[in-house]
>>> print(open('input_17.json').read())   # JSON, C-alpha atoms and all ligand atoms
[["chain", "number", "residue", "atom", "x", "y", "z"],
["A", 1, "MET", "CA", 3.30, -23.25, 24.60],
["A", 2, "THR", "CA", 0.36, -24.65, 26.54],
["A", 3, "VAL", "CA", -3.35, -24.04, 26.39],
["A", 4, "PRO", "CA", -4.30, -22.22, 29.61],
["A", 5, "ILE", "CA", -7.31, -23.49, 31.55],
["A", 6, "LEU", "CA", -9.54, -20.93, 33.26],
["A", 7, "ASN", "CA", -12.80, -21.28, 35.16],
["A", 8, "ALA", "CA", -15.90, -19.82, 33.56],
["A", 9, "SER", "CA", -17.15, -16.77, 35.49],
["A", 10, "GLY", "CA", -19.67, -17.61, 38.20],
["A", 11, "CYS", "CA", -18.82, -21.31, 38.31],
["A", 12, "LEU", "CA", -16.26, -21.34, 41.10],
["A", 13, "ASP", "CA", -16.03, -19.53, 44.43],
["A", 14, "ALA", "CA", -12.28, -19.30, 44.89],
["A", 15, "LEU", "CA", -12.56, -18.02, 48.44],
["A", 16, "THR", "CA", -14.28, -21.18, 49.64],
["A", 17, "ALA", "CA", -12.33, -23.47, 47.31],
["A", 18, "ALA", "CA", -8.81, -22.07, 47.19],
["A", 19, "GLU", "CA", -7.21, -25.40, 46.27],
["A", 20, "VAL", "CA", -9.53, -25.73, 43.30],
["A", 21, "ALA", "CA", -8.69, -22.23, 42.09],
["A", 22, "GLN", "CA", -5.02, -23.12, 42.33],
["A", 23, "THR", "CA", -5.48, -25.87, 39.73],
["A", 24, "LEU", "CA", -6.29, -23.14, 37.18],
["A", 25, "ASP", "CA", -3.97, -20.99, 35.09],
["A", 26, "VAL", "CA", -6.26, -18.02, 35.64],
["A", 27, "PHE", "CA", -9.12, -17.41, 38.07],
["A", 28, "VAL", "CA", -12.06, -15.43, 36.69],
["A", 29, "THR", "CA", -14.35, -13.82, 39.26],
["A", 30, "LYS", "CA", -18.11, -13.91, 39.22],
["A", 31, "THR", "CA", -19.46, -10.82, 37.49],
["A", 32, "VAL", "CA", -19.20, -7.74, 39.69],
["A", 33, "THR", "CA", -21.69, -4.89, 39.30],
["A", 34, "PRO", "CA", -21.53, -1.30, 40.61],
["A", 35, "LEU", "CA", -23.98, -1.96, 43.45],
["A", 36, "PRO", "CA", -24.43, -5.08, 45.58],
["A", 37, "ARG", "CA", -27.03, -7.53, 44.26],
["A", 38, "GLU", "CA", -28.82, -10.23, 46.20],
["A", 39, "GLY", "CA", -29.65, -12.15, 43.07],
["A", 40, "ASN", "CA", -32.93, -13.83, 42.21],
["A", 41, "PRO", "CA", -35.13, -15.77, 44.63],
["A", 42, "PRO", "CA", -34.72, -19.59, 44.71],
["A", 43, "PRO", "CA", -34.98, -22.01, 43.08],
["A", 44, "ARG", "CA", -32.41, -20.54, 40.74],
["A", 45, "ILE", "CA", -30.57, -23.64, 39.60],
["A", 46, "ALA", "CA", -32.16, -26.60, 37.86],
["A", 47, "GLU", "CA", -30.72, -29.66, 36.19],
["A", 48, "THR", "CA", -31.96, -30.76, 32.79],
["A", 49, "GLU", "CA", -31.07, -33.86, 30.77],
["A", 50, "LEU", "CA", -28.28, -32.15, 28.88],
["A", 51, "GLY", "CA", -27.17, -29.30, 31.08],
["A", 52, "MET", "CA", -28.06, -26.86, 33.75],
["A", 53, "LEU", "CA", -30.33, -23.84, 33.97],
["A", 54, "ASN", "CA", -29.48, -20.95, 36.25],
["A", 55, "SER", "CA", -31.00, -17.63, 37.11],
["A", 56, "ILE", "CA", -28.57, -16.49, 39.78],
["A", 57, "GLY", "CA", -29.21, -12.88, 38.81],
["A", 58, "LEU", "CA", -25.64, -11.57, 39.10],
["A", 59, "GLN", "CA", -25.48, -11.96, 42.88],
["A", 60, "ASN", "CA", -22.36, -10.14, 44.06],
["A", 61, "PRO", "CA", -21.18, -7.79, 46.82],
["A", 62, "GLY", "CA", -20.87, -4.76, 44.52],
["A", 63, "ILE", "CA", -17.61, -3.14, 43.40],
["A", 64, "GLU", "CA", -16.86, -1.28, 46.63],
["A", 65, "ALA", "CA", -16.88, -4.36, 48.85],
["A", 66, "PHE", "CA", -15.21, -6.34, 46.08],
["A", 67, "LEU", "CA", -12.26, -3.93, 45.97],
["A", 68, "ASP", "CA", -11.96, -3.58, 49.74],
["A", 69, "ASP", "CA", -12.48, -7.15, 50.80],
["A", 70, "THR", "CA", -12.78, -9.76, 48.03],
["A", 71, "LEU", "CA", -9.92, -8.70, 45.76],
["A", 72, "PRO", "CA", -7.15, -8.66, 48.40],
["A", 73, "ARG", "CA", -8.23, -12.13, 49.52],
["A", 74, "LEU", "CA", -8.32, -13.44, 45.94],
["A", 75, "ALA", "CA", -4.84, -12.01, 45.31],
["A", 76, "ARG", "CA", -3.49, -14.22, 48.09],
["A", 77, "LEU", "CA", -4.36, -17.31, 46.04],
["A", 78, "GLY", "CA", -1.35, -16.64, 43.86],
["A", 79, "VAL", "CA", -3.30, -17.24, 40.64],
["A", 80, "PRO", "CA", -3.57, -14.56, 37.92],
["A", 81, "LEU", "CA", -6.91, -12.79, 38.35],
["A", 82, "TRP", "CA", -9.42, -11.73, 35.77],
["A", 83, "VAL", "CA", -12.34, -9.68, 37.02],
["A", 84, "SER", "CA", -15.66, -10.05, 35.24],
["A", 85, "VAL", "CA", -17.74, -6.89, 35.24],
["A", 86, "GLY", "CA", -21.33, -6.27, 34.28],
["A", 87, "GLY", "CA", -23.78, -3.42, 34.39],
["A", 88, "PHE", "CA", -26.99, -1.91, 33.16],
["A", 89, "SER", "CA", -25.53, 0.93, 31.12],
["A", 90, "VAL", "CA", -22.39, 1.90, 29.24],
["A", 91, "GLN", "CA", -21.47, 4.18, 32.16],
["A", 92, "ASP", "CA", -21.63, 1.26, 34.59],
["A", 93, "TYR", "CA", -18.97, -0.63, 32.63],
["A", 94, "ALA", "CA", -16.77, 2.45, 32.30],
["A", 95, "GLN", "CA", -17.01, 3.16, 36.01],
["A", 96, "LEU", "CA", -16.12, -0.42, 36.94],
["A", 97, "CYS", "CA", -13.11, -0.37, 34.61],
["A", 98, "THR", "CA", -11.89, 2.93, 36.03],
["A", 99, "LEU", "CA", -12.10, 1.57, 39.57],
["A", 100, "LEU", "CA", -10.25, -1.63, 38.64],
["A", 101, "SER", "CA", -7.55, 0.20, 36.70],
["A", 102, "GLY", "CA", -5.57, 1.14, 39.76],
["A", 103, "ARG", "CA", -5.48, -2.39, 41.14],
["A", 104, "GLU", "CA", -2.37, -4.30, 40.24],
["A", 105, "GLU", "CA", -3.91, -7.58, 41.46],
["A", 106, "VAL", "CA", -6.07, -7.55, 38.33],
["A", 107, "THR", "CA", -4.47, -8.70, 35.11],
["A", 108, "THR", "CA", -7.54, -8.61, 32.86],
["A", 109, "ILE", "CA", -11.07, -7.28, 32.88],
["A", 110, "GLU", "CA", -13.73, -9.47, 31.27],
["A", 111, "LEU", "CA", -16.73, -7.47, 30.11],
["A", 112, "ASN", "CA", -19.83, -9.60, 30.57],
["A", 113, "LEU", "CA", -21.89, -8.29, 27.69],
["A", 114, "SER", "CA", -24.88, -10.55, 28.40],
["A", 115, "CYS", "CA", -26.41, -8.63, 31.28],
["A", 116, "PRO", "CA", -30.06, -7.74, 31.87],
["A", 117, "ASN", "CA", -30.99, -4.48, 30.11],
["A", 118, "VAL", "CA", -27.95, -4.69, 27.84],
["A", 119, "ASP", "CA", -29.08, -5.66, 24.37],
["A", 120, "GLU", "CA", -26.98, -8.01, 22.29],
["A", 121, "ALA", "CA", -26.65, -5.74, 19.26],
["A", 122, "PRO", "CA", -23.11, -5.34, 17.88],
["A", 123, "GLU", "CA", -23.39, -1.55, 18.22],
["A", 124, "THR", "CA", -24.21, -1.79, 21.94],
["A", 125, "ALA", "CA", -21.37, -4.22, 22.54],
["A", 126, "ALA", "CA", -18.98, -1.92, 20.69],
["A", 127, "GLU", "CA", -20.16, 1.10, 22.65],
["A", 128, "ILE", "CA", -19.48, -0.66, 25.95],
["A", 129, "VAL", "CA", -16.06, -1.85, 24.84],
["A", 130, "ALA", "CA", -15.11, 1.60, 23.56],
["A", 131, "ALA", "CA", -16.10, 3.18, 26.90],
["A", 132, "ALA", "CA", -14.20, 0.50, 28.82],
["A", 133, "ARG", "CA", -11.19, 0.98, 26.56],
["A", 134, "GLU", "CA", -11.17, 4.67, 27.36],
["A", 135, "ALA", "CA", -11.47, 3.95, 31.07],
["A", 136, "THR", "CA", -8.61, 1.48, 31.48],
["A", 137, "PRO", "CA", -5.27, 0.42, 30.01],
["A", 138, "LYS", "CA", -5.87, -3.11, 31.37],
["A", 139, "THR", "CA", -6.33, -6.05, 29.03],
["A", 140, "LEU", "CA", -10.00, -6.24, 28.05],
["A", 141, "TYR", "CA", -11.86, -9.38, 27.07],
["A", 142, "ALA", "CA", -15.38, -9.15, 25.69],
["A", 143, "LYS", "CA", -17.60, -12.06, 26.70],
["A", 144, "LEU", "CA", -20.28, -12.65, 24.13],
["A", 145, "SER", "CA", -23.61, -14.38, 24.10],
["A", 146, "PRO", "CA", -24.16, -17.13, 21.54],
["A", 147, "ALA", "CA", -27.74, -15.87, 21.06],
["A", 148, "THR", "CA", -27.06, -13.44, 18.30],
["A", 149, "TRP", "CA", -27.73, -13.79, 14.60],
["A", 150, "ASP", "CA", -24.15, -13.11, 13.61],
["A", 151, "ILE", "CA", -21.57, -13.42, 16.36],
["A", 152, "ALA", "CA", -18.74, -12.73, 13.89],
["A", 153, "GLU", "CA", -20.18, -9.27, 13.31],
["A", 154, "THR", "CA", -20.24, -8.59, 17.05],
["A", 155, "ALA", "CA", -16.68, -9.90, 17.30],
["A", 156, "ARG", "CA", -15.54, -7.48, 14.60],
["A", 157, "ALA", "CA", -17.38, -4.62, 16.29],
["A", 158, "VAL", "CA", -15.76, -5.22, 19.69],
["A", 159, "ALA", "CA", -12.35, -5.76, 18.11],
["A", 160, "ASP", "CA", -12.63, -2.42, 16.32],
["A", 161, "ALA", "CA", -13.71, -0.82, 19.60],
["A", 162, "GLY", "CA", -10.52, -1.96, 21.31],
["A", 163, "ALA", "CA", -11.10, -5.40, 22.85],
["A", 164, "ASP", "CA", -7.92, -7.41, 23.39],
["A", 165, "GLY", "CA", -9.63, -10.79, 23.39],
["A", 166, "LEU", "CA", -12.92, -12.66, 23.32],
["A", 167, "SER", "CA", -14.53, -15.04, 25.82],
["A", 168, "LEU", "CA", -16.93, -17.33, 23.99],
["A", 169, "VAL", "CA", -19.60, -18.16, 25.03],
["A", 170, "ASN", "CA", -22.03, -17.17, 27.75],
["A", 171, "THR", "CA", -25.15, -19.21, 28.50],
["A", 172, "ILE", "CA", -28.16, -19.34, 26.19],
["A", 173, "ARG", "CA", -31.74, -18.80, 27.36],
["A", 174, "GLY", "CA", -33.61, -21.97, 28.32],
["A", 175, "LEU", "CA", -36.68, -23.07, 30.23],
["A", 176, "ALA", "CA", -37.55, -26.19, 32.19],
["A", 177, "LEU", "CA", -41.01, -27.11, 33.46],
["A", 178, "ALA", "CA", -41.71, -29.26, 36.49],
["A", 179, "PRO", "CA", -43.19, -32.55, 35.26],
["A", 180, "THR", "CA", -46.21, -32.52, 37.58],
["A", 181, "THR", "CA", -47.20, -28.86, 37.78],
["A", 182, "LEU", "CA", -45.90, -27.84, 34.35],
["A", 183, "GLU", "CA", -44.72, -24.63, 35.96],
["A", 184, "PRO", "CA", -41.19, -23.30, 35.46],
["A", 185, "THR", "CA", -38.71, -25.03, 37.76],
["A", 186, "LEU", "CA", -36.83, -21.77, 38.25],
["A", 187, "GLU", "CA", -38.66, -19.12, 40.23],
["A", 188, "ARG", "CA", -37.85, -16.56, 37.55],
["A", 189, "GLY", "CA", -39.05, -18.74, 34.68],
["A", 190, "ALA", "CA", -36.36, -18.98, 32.02],
["A", 191, "GLY", "CA", -32.66, -19.02, 32.85],
["A", 192, "GLY", "CA", -29.22, -19.38, 31.34],
["A", 193, "TYR", "CA", -28.59, -22.81, 29.87],
["A", 194, "SER", "CA", -25.07, -24.26, 30.19],
["A", 195, "GLY", "CA", -23.33, -27.60, 29.98],
["A", 196, "PRO", "CA", -23.04, -30.32, 27.31],
["A", 197, "ALA", "CA", -25.80, -28.97, 25.04],
["A", 198, "LEU", "CA", -23.79, -25.78, 24.62],
["A", 199, "ARG", "CA", -20.78, -27.57, 23.11],
["A", 200, "PRO", "CA", -21.66, -27.45, 19.40],
["A", 201, "ILE", "CA", -22.97, -23.91, 19.83],
["A", 202, "ALA", "CA", -19.75, -22.75, 21.48],
["A", 203, "LEU", "CA", -17.72, -24.52, 18.82],
["A", 204, "ALA", "CA", -19.59, -22.74, 16.04],
["A", 205, "CYS", "CA", -19.11, -19.37, 17.74],
["A", 206, "VAL", "CA", -15.38, -19.87, 18.26],
["A", 207, "TYR", "CA", -15.00, -21.11, 14.68],
["A", 208, "ALA", "CA", -16.82, -18.10, 13.26],
["A", 209, "CYS", "CA", -15.03, -15.51, 15.42],
["A", 210, "ALA", "CA", -11.58, -17.01, 14.83],
["A", 211, "THR", "CA", -11.90, -16.29, 11.13],
["A", 212, "ALA", "CA", -13.48, -12.87, 11.71],
["A", 213, "VAL", "CA", -10.95, -11.27, 14.05],
["A", 214, "ASP", "CA", -7.31, -11.52, 15.02],
["A", 215, "LEU", "CA", -7.86, -11.79, 18.77],
["A", 216, "PRO", "CA", -7.09, -14.50, 21.32],
["A", 217, "ILE", "CA", -10.20, -16.47, 22.28],
["A", 218, "VAL", "CA", -11.13, -18.23, 25.52],
["A", 219, "GLY", "CA", -13.46, -21.02, 24.45],
["A", 220, "MET", "CA", -16.10, -22.35, 26.82],
["A", 221, "GLY", "CA", -19.42, -24.13, 26.76],
["A", 222, "GLY", "CA", -19.90, -27.70, 27.97],
["A", 223, "VAL", "CA", -16.23, -28.60, 28.21],
["A", 224, "SER", "CA", -15.79, -31.62, 30.46],
["A", 225, "SER", "CA", -12.96, -33.53, 28.79],
["A", 226, "GLY", "CA", -9.67, -32.99, 27.02],
["A", 227, "ARG", "CA", -11.27, -33.89, 23.70],
["A", 228, "HIS", "CA", -13.87, -31.17, 24.14],
["A", 229, "ALA", "CA", -11.12, -28.66, 24.96],
["A", 230, "VAL", "CA", -9.03, -29.75, 21.99],
["A", 231, "ALA", "CA", -12.01, -29.27, 19.67],
["A", 232, "LEU", "CA", -12.34, -25.65, 20.80],
["A", 233, "VAL", "CA", -8.62, -25.13, 20.25],
["A", 234, "ALA", "CA", -8.90, -26.60, 16.76],
["A", 235, "ALA", "CA", -11.77, -24.20, 16.10],
["A", 236, "GLY", "CA", -9.48, -21.31, 17.07],
["A", 237, "ALA", "CA", -9.47, -20.93, 20.87],
["A", 238, "SER", "CA", -6.15, -20.15, 22.56],
["A", 239, "ALA", "CA", -7.44, -21.03, 26.04],
["A", 240, "VAL", "CA", -10.41, -22.92, 27.45],
["A", 241, "ALA", "CA", -12.64, -22.35, 30.45],
["A", 242, "LEU", "CA", -14.50, -24.88, 32.57],
["A", 243, "GLY", "CA", -17.92, -23.98, 33.91],
["A", 244, "THR", "CA", -20.75, -26.38, 34.69],
["A", 245, "VAL", "CA", -18.40, -29.35, 35.02],
["A", 246, "LEU", "CA", -16.87, -27.74, 38.13],
["A", 247, "PHE", "CA", -20.11, -28.19, 40.08],
["A", 248, "ALA", "CA", -19.84, -31.96, 39.68],
["A", 249, "GLU", "CA", -16.07, -32.25, 39.59],
["A", 250, "PRO", "CA", -14.27, -29.27, 41.15],
["A", 251, "PHE", "CA", -10.79, -30.54, 40.27],
["A", 252, "ALA", "CA", -11.69, -31.22, 36.61],
["A", 253, "ALA", "CA", -8.95, -28.86, 35.36],
["A", 254, "ARG", "CA", -6.24, -31.33, 36.37],
["A", 255, "ARG", "CA", -7.85, -34.15, 34.41],
["A", 256, "VAL", "CA", -8.71, -32.00, 31.40],
["A", 257, "ARG", "CA", -5.14, -30.68, 31.22],
["A", 258, "VAL", "CA", -3.73, -34.22, 31.05],
["A", 259, "GLU", "CA", -6.42, -35.39, 28.63],
["A", 260, "MET", "CA", -5.81, -32.43, 26.32],
["A", 261, "THR", "CA", -2.18, -33.44, 25.83],
["A", 262, "GLU", "CA", -3.14, -37.11, 25.44],
["A", 263, "ALA", "CA", -5.75, -36.22, 22.83],
["A", 264, "ALA", "CA", -3.27, -34.06, 20.91],
["A", 265, "VAL", "CA", -0.56, -36.73, 20.99],
["A", 266, "ALA", "CA", -3.06, -39.39, 19.84],
["A", 267, "LEU", "CA", -3.76, -37.16, 16.84],
["A", 268, "GLY", "CA", -0.06, -36.80, 16.06],
["A", 269, "TYR", "CA", 0.59, -33.34, 17.57],
["A", 270, "PRO", "CA", 3.19, -32.61, 20.23],
["A", 271, "SER", "CA", 0.75, -30.55, 22.32],
["A", 272, "ALA", "CA", -2.79, -29.22, 22.35],
["A", 273, "ALA", "CA", -1.52, -25.77, 21.40],
["A", 274, "ALA", "CA", 0.00, -27.21, 18.23],
["A", 275, "LEU", "CA", -3.39, -28.04, 16.77],
["A", 276, "ARG", "CA", -4.79, -24.58, 17.15],
["A", 277, "GLY", "CA", -6.92, -23.57, 14.20],
["A", 278, "LYS", "CA", -6.75, -27.02, 12.56],
["A", 279, "ALA", "CA", -10.51, -27.06, 12.05],
["A", 280, "HIS", "CA", -10.01, -24.34, 9.45],
["A", 281, "LYS", "CA", -9.13, -25.97, 6.17],
["A", 282, "SER", "CA", -8.17, -22.79, 4.45],
["A", 283, "ALA", "CA", -4.66, -21.37, 4.60],
["A", 284, "THR", "CA", -6.29, -17.96, 4.94],
["A", 285, "PHE", "CA", -6.77, -18.73, 8.64],
["A", 286, "ALA", "CA", -3.80, -16.89, 10.03],
["A", 287, "ASN", "CA", -5.34, -15.37, 13.13],
["A", 288, "LEU", "CA", -3.49, -17.13, 15.88],
["A", 289, "SER", "CA", -3.08, -14.56, 18.63],
["A", 290, "ALA", "CA", -2.00, -15.99, 21.95],
["A", 291, "LEU", "CA", -3.68, -15.24, 25.26],
["A", 301, "LIG", "C1", -24.32, -20.96, 37.99],
["A", 301, "LIG", "C2", -23.71, -20.14, 36.88],
["A", 301, "LIG", "C3", -23.38, -18.81, 37.11],
["A", 301, "LIG", "C4", -22.82, -18.04, 36.10],
["A", 301, "LIG", "N1", -22.48, -16.74, 36.35],
["A", 301, "LIG", "C5", -21.87, -16.02, 35.39],
["A", 301, "LIG", "C6", -21.45, -14.69, 35.65],
["A", 301, "LIG", "O1", -21.58, -14.15, 36.75],
["A", 301, "LIG", "N2", -20.87, -14.00, 34.62],
["A", 301, "LIG", "C7", -20.66, -14.55, 33.37],
["A", 301, "LIG", "O2", -20.10, -13.88, 32.48],
["A", 301, "LIG", "N3", -21.04, -15.82, 33.11],
["A", 301, "LIG", "C8", -21.65, -16.56, 34.07],
["A", 301, "LIG", "N4", -22.01, -17.86, 33.81],
["A", 301, "LIG", "C9", -21.75, -18.42, 32.48],
["A", 301, "LIG", "C10", -20.44, -19.22, 32.46],
["A", 301, "LIG", "O3", -19.35, -18.39, 32.77],
["A", 301, "LIG", "C11", -20.21, -19.88, 31.07],
["A", 301, "LIG", "O4", -20.12, -18.87, 30.10],
["A", 301, "LIG", "C12", -21.32, -20.84, 30.68],
["A", 301, "LIG", "O5", -21.81, -21.54, 31.79],
["A", 301, "LIG", "C13", -20.88, -21.83, 29.60],
["A", 301, "LIG", "O6", -19.88, -22.70, 30.05],
["A", 301, "LIG", "P1", -20.22, -24.18, 30.66],
["A", 301, "LIG", "O7", -21.17, -24.82, 29.70],
["A", 301, "LIG", "O8", -18.89, -24.86, 30.74],
["A", 301, "LIG", "O9", -20.83, -23.96, 32.00],
["A", 301, "LIG", "C14", -22.57, -18.63, 34.81],
["A", 301, "LIG", "C15", -22.91, -19.97, 34.59],
["A", 301, "LIG", "C16", -23.46, -20.72, 35.60],
["A", 301, "LIG", "C17", -23.77, -22.17, 35.33]]
>>> encode(input="input_17.json", output="structure tokens")
Amino acid sequence: MTVPILNASGCLDALTAAEVAQTLDVFVTKTVTPLPREGNPPPRIAETELGMLNSIGLQNPGIEAFLDDTLPRLARLGVPLWVSVGGFSVQDYAQLCTLLSGREEVTTIELNLSCPNVDEAPETAAEIVAAAREATPKTLYAKLSPATWDIAETARAVADAGADGLSLVNTIRGLALAPTTLEPTLERGAGGYSGPALRPIALACVYACATAVDLPIVGMGGVSSGRHAVALVAAGASAVALGTVLFAEPFAARRVRVEMTEAAVALGYPSAAALRGKAHKSATFANLSAL
């Protein structure tokens, strides 16, 4: 058994970088919404010392154009496809899931539960997942924000509502100010913070959710090496996703895959998958669902 490597949603355009997408075990699309969205005005990406801020604003062609044009082209990549969906209401998510249900190119739907107007309360997350569950028989992953007081509670709520897996974690809100003007560097002010600073936060979320629910987990947040990936696996992830690192190193998946095995072997395990859950000292940790 291996640990699959995915891209994090929104961090790779597979249609302009097909060879990069083909280094992945799964390609995850940027979040698609019911209607087309132009996204926020620039600047909408800023570098900080320990990561990146973005306020892309869910730019996407909308579900209609996605189904007619984008999806058939993505399917030609020959990589399993997960489609990330987002909306502004429970009905938006249900509608998107219904429309994707009939498309055999799609293996899994990832519900981006950190969208504008969607609060992060466990009840809201559960409501969206329940509606999505009703709308589609496809595998459903719930992608959660780390900015919640108890992510394990949200994980339990979405598991009870019918989620098949978790994607952990989305970005966390951050702000950067230009040194001379002291005005926000992003036009919209605050943005989503990703990259190295997210690593311990992601690790804590995966660790907490792995003990709370018996669901496979895609771990992400600042992964740029095999050791980082292995740490998420030890915390309970069954797969890892690469996000911010892909902007600097598009082919990072190849390196991380090799490094993951090297790191596991150096620790005395035959593979990265073999050390899944090792961060949990207690024998009560038995939740080892595979992707
Ligand atoms: C430029 C950019 C765009 C993103 N767009 C999306 C998106 O459309 N949907 C989503 O669920 N997450 C989105 N994310 C969040 C990533 O998928 C990922 O959860 C986050 O960046 C943490 O991983 P990383 O630290 O490896 O980048 C985006 C992140 C970045 C940096």
>>> residues_near_ligand(input="input_17.json", ligand="ligand LIG 301 (chain A)", cutoff="6 Å", atoms="only C-alpha atoms and all ligand atoms", output="MDAnalysis selection string")
chainID A and resid 8:11 30:31 54 58 112 169:171 194:195 198 220:223 242:244
>>> closest_atom_pairs(input="input_17.json", of="range 29-125 of chain A", to="range 132-141 of chain A", cutoff="9 Å", atoms="all atoms listed in the file", output="CSV")
residue,atom,partner,partner_atom,distance
A:Val90,CA,A:Ala132,CA,8.3
A:Gln91,CA,A:Ala132,CA,8.8
A:Tyr93,CA,A:Ala132,CA,6.2
A:Ala94,CA,A:Ala132,CA,4.7
A:Gln95,CA,A:Ala135,CA,7.5
A:Leu96,CA,A:Ala132,CA,8.4
A:Cys97,CA,A:Thr136,CA,5.8
A:Thr98,CA,A:Ala135,CA,5.1
A:Leu99,CA,A:Thr136,CA,8.8
A:Leu100,CA,A:Thr136,CA,8.0
A:Ser101,CA,A:Thr136,CA,5.5
A:Gly102,CA,A:Thr136,CA,8.8
A:Val106,CA,A:Lys138,CA,8.3
A:Thr107,CA,A:Lys138,CA,6.9
A:Thr108,CA,A:Thr139,CA,4.8
A:Ile109,CA,A:Leu140,CA,5.1
A:Glu110,CA,A:Tyr141,CA,4.6
A:Leu111,CA,A:Tyr141,CA,6.1
A:Asn112,CA,A:Tyr141,CA,8.7
>>> atom_distance(input="input_17.json", atom1="CA of Val129 in chain A", atom2="CA of Ala157 in chain A")
9.1 Å
>>> atom_distance(input="input_17.json", atom1="CA of Ser167 in chain A", atom2="CA of Val218 in chain A")
4.7 Å
>>> axis_aligned_box(input="input_17.json", around="range 98-114 of chain A", padding_each_side="6 Å", output="AutoDock Vina command-line options")
--center_x -13.6 --center_y -3.8 --center_z 34.6 --size_x 34.5 --size_y 25.5 --size_z 25.8
>>> residues_around(input="input_17.json", residues="range 36-42 of chain A", least_positions_apart="3", cutoff="10 Å", atoms="only C-alpha atoms", output="PyMOL selection string")
chain A and resi 32-33+45+54-66+185-188
>>> closest_residue(input="input_17.json", among="A:Cys115, A:Val213, A:Leu24, A:Leu177", to="Val3 in chain A", atoms="all atoms listed in the file")
A:Leu24
>>> atom_distance(input="input_17.json", atom1="CA of Cys209 in chain A", atom2="CA of Ile5 in chain A")
19.6 Å
>>> closest_residue(input="input_17.json", among="A:Ala197, A:Leu215, A:Ala202, A:Leu267", to="Leu166 in chain A", atoms="only C-alpha atoms")
A:Leu215
>>> closest_residue(input="input_17.json", among="A:Pro270, A:Pro122, A:Pro116, A:Gly189", to="Asp150 in chain A", atoms="all atoms listed in the file")
A:Pro122
>>> residues_near_point(input="input_17.json", point="(-3.1, -34.7, 23.9)", cutoff="7 Å", atoms="only C-alpha atoms", output="JSON, numbers by chain")
{"A": [259, 260, 261, 262, 263, 264, 265, 266, 271, 272]}
>>> closest_residue(input="input_17.json", among="A:Thr48, A:Glu120, A:Ala204, A:Asp25", to="Pro4 in chain A", atoms="all atoms listed in the file")
A:Asp25
>>> decode(input="input_17.json", residues="range 55-81 of chain A", atoms="C-alpha atoms", output="mmCIF file, in the first residue's frame")
data_model
loop_
_atom_site.group_PDB
_atom_site.id
_atom_site.type_symbol
_atom_site.label_atom_id
_atom_site.label_comp_id
_atom_site.auth_asym_id
_atom_site.auth_seq_id
_atom_site.Cartn_x
_atom_site.Cartn_y
_atom_site.Cartn_z
ATOM 1 C CA SER A 55 -7.512 36.121 -1.978
ATOM 2 C CA ILE A 56 -8.273 34.567 -5.350
ATOM 3 C CA GLY A 57 -11.979 34.679 -4.546
ATOM 4 C CA LEU A 58 -12.975 31.308 -6.022
ATOM 5 C CA GLN A 59 -12.331 32.335 -9.618
ATOM 6 C CA ASN A 60 -13.813 29.634 -11.845
ATOM 7 C CA PRO A 61 -15.871 29.236 -15.026
ATOM 8 C CA GLY A 62 -19.019 28.060 -13.201
ATOM 9 C CA ILE A 63 -20.442 24.532 -13.261
ATOM 10 C CA GLU A 64 -22.012 24.710 -16.722
ATOM 11 C CA ALA A 65 -18.804 25.585 -18.551
ATOM 12 C CA PHE A 66 -16.890 23.256 -16.254
ATOM 13 C CA LEU A 67 -19.052 20.281 -17.255
ATOM 14 C CA ASP A 68 -19.132 21.146 -20.953
ATOM 15 C CA ASP A 69 -15.550 22.167 -21.492
ATOM 16 C CA THR A 70 -13.160 21.737 -18.545
ATOM 17 C CA LEU A 71 -14.139 18.267 -17.349
ATOM 18 C CA PRO A 72 -13.780 16.450 -20.697
ATOM 19 C CA ARG A 73 -10.341 18.010 -21.129
ATOM 20 C CA LEU A 74 -9.286 17.066 -17.589
ATOM 21 C CA ALA A 75 -10.466 13.491 -18.170
ATOM 22 C CA ARG A 76 -7.984 13.181 -21.026
ATOM 23 C CA LEU A 77 -5.115 13.555 -18.547
ATOM 24 C CA GLY A 78 -5.681 9.981 -17.445
ATOM 25 C CA VAL A 79 -5.449 10.877 -13.751
ATOM 26 C CA PRO A 80 -8.315 10.145 -11.319
ATOM 27 C CA LEU A 81 -10.316 13.349 -10.874
#
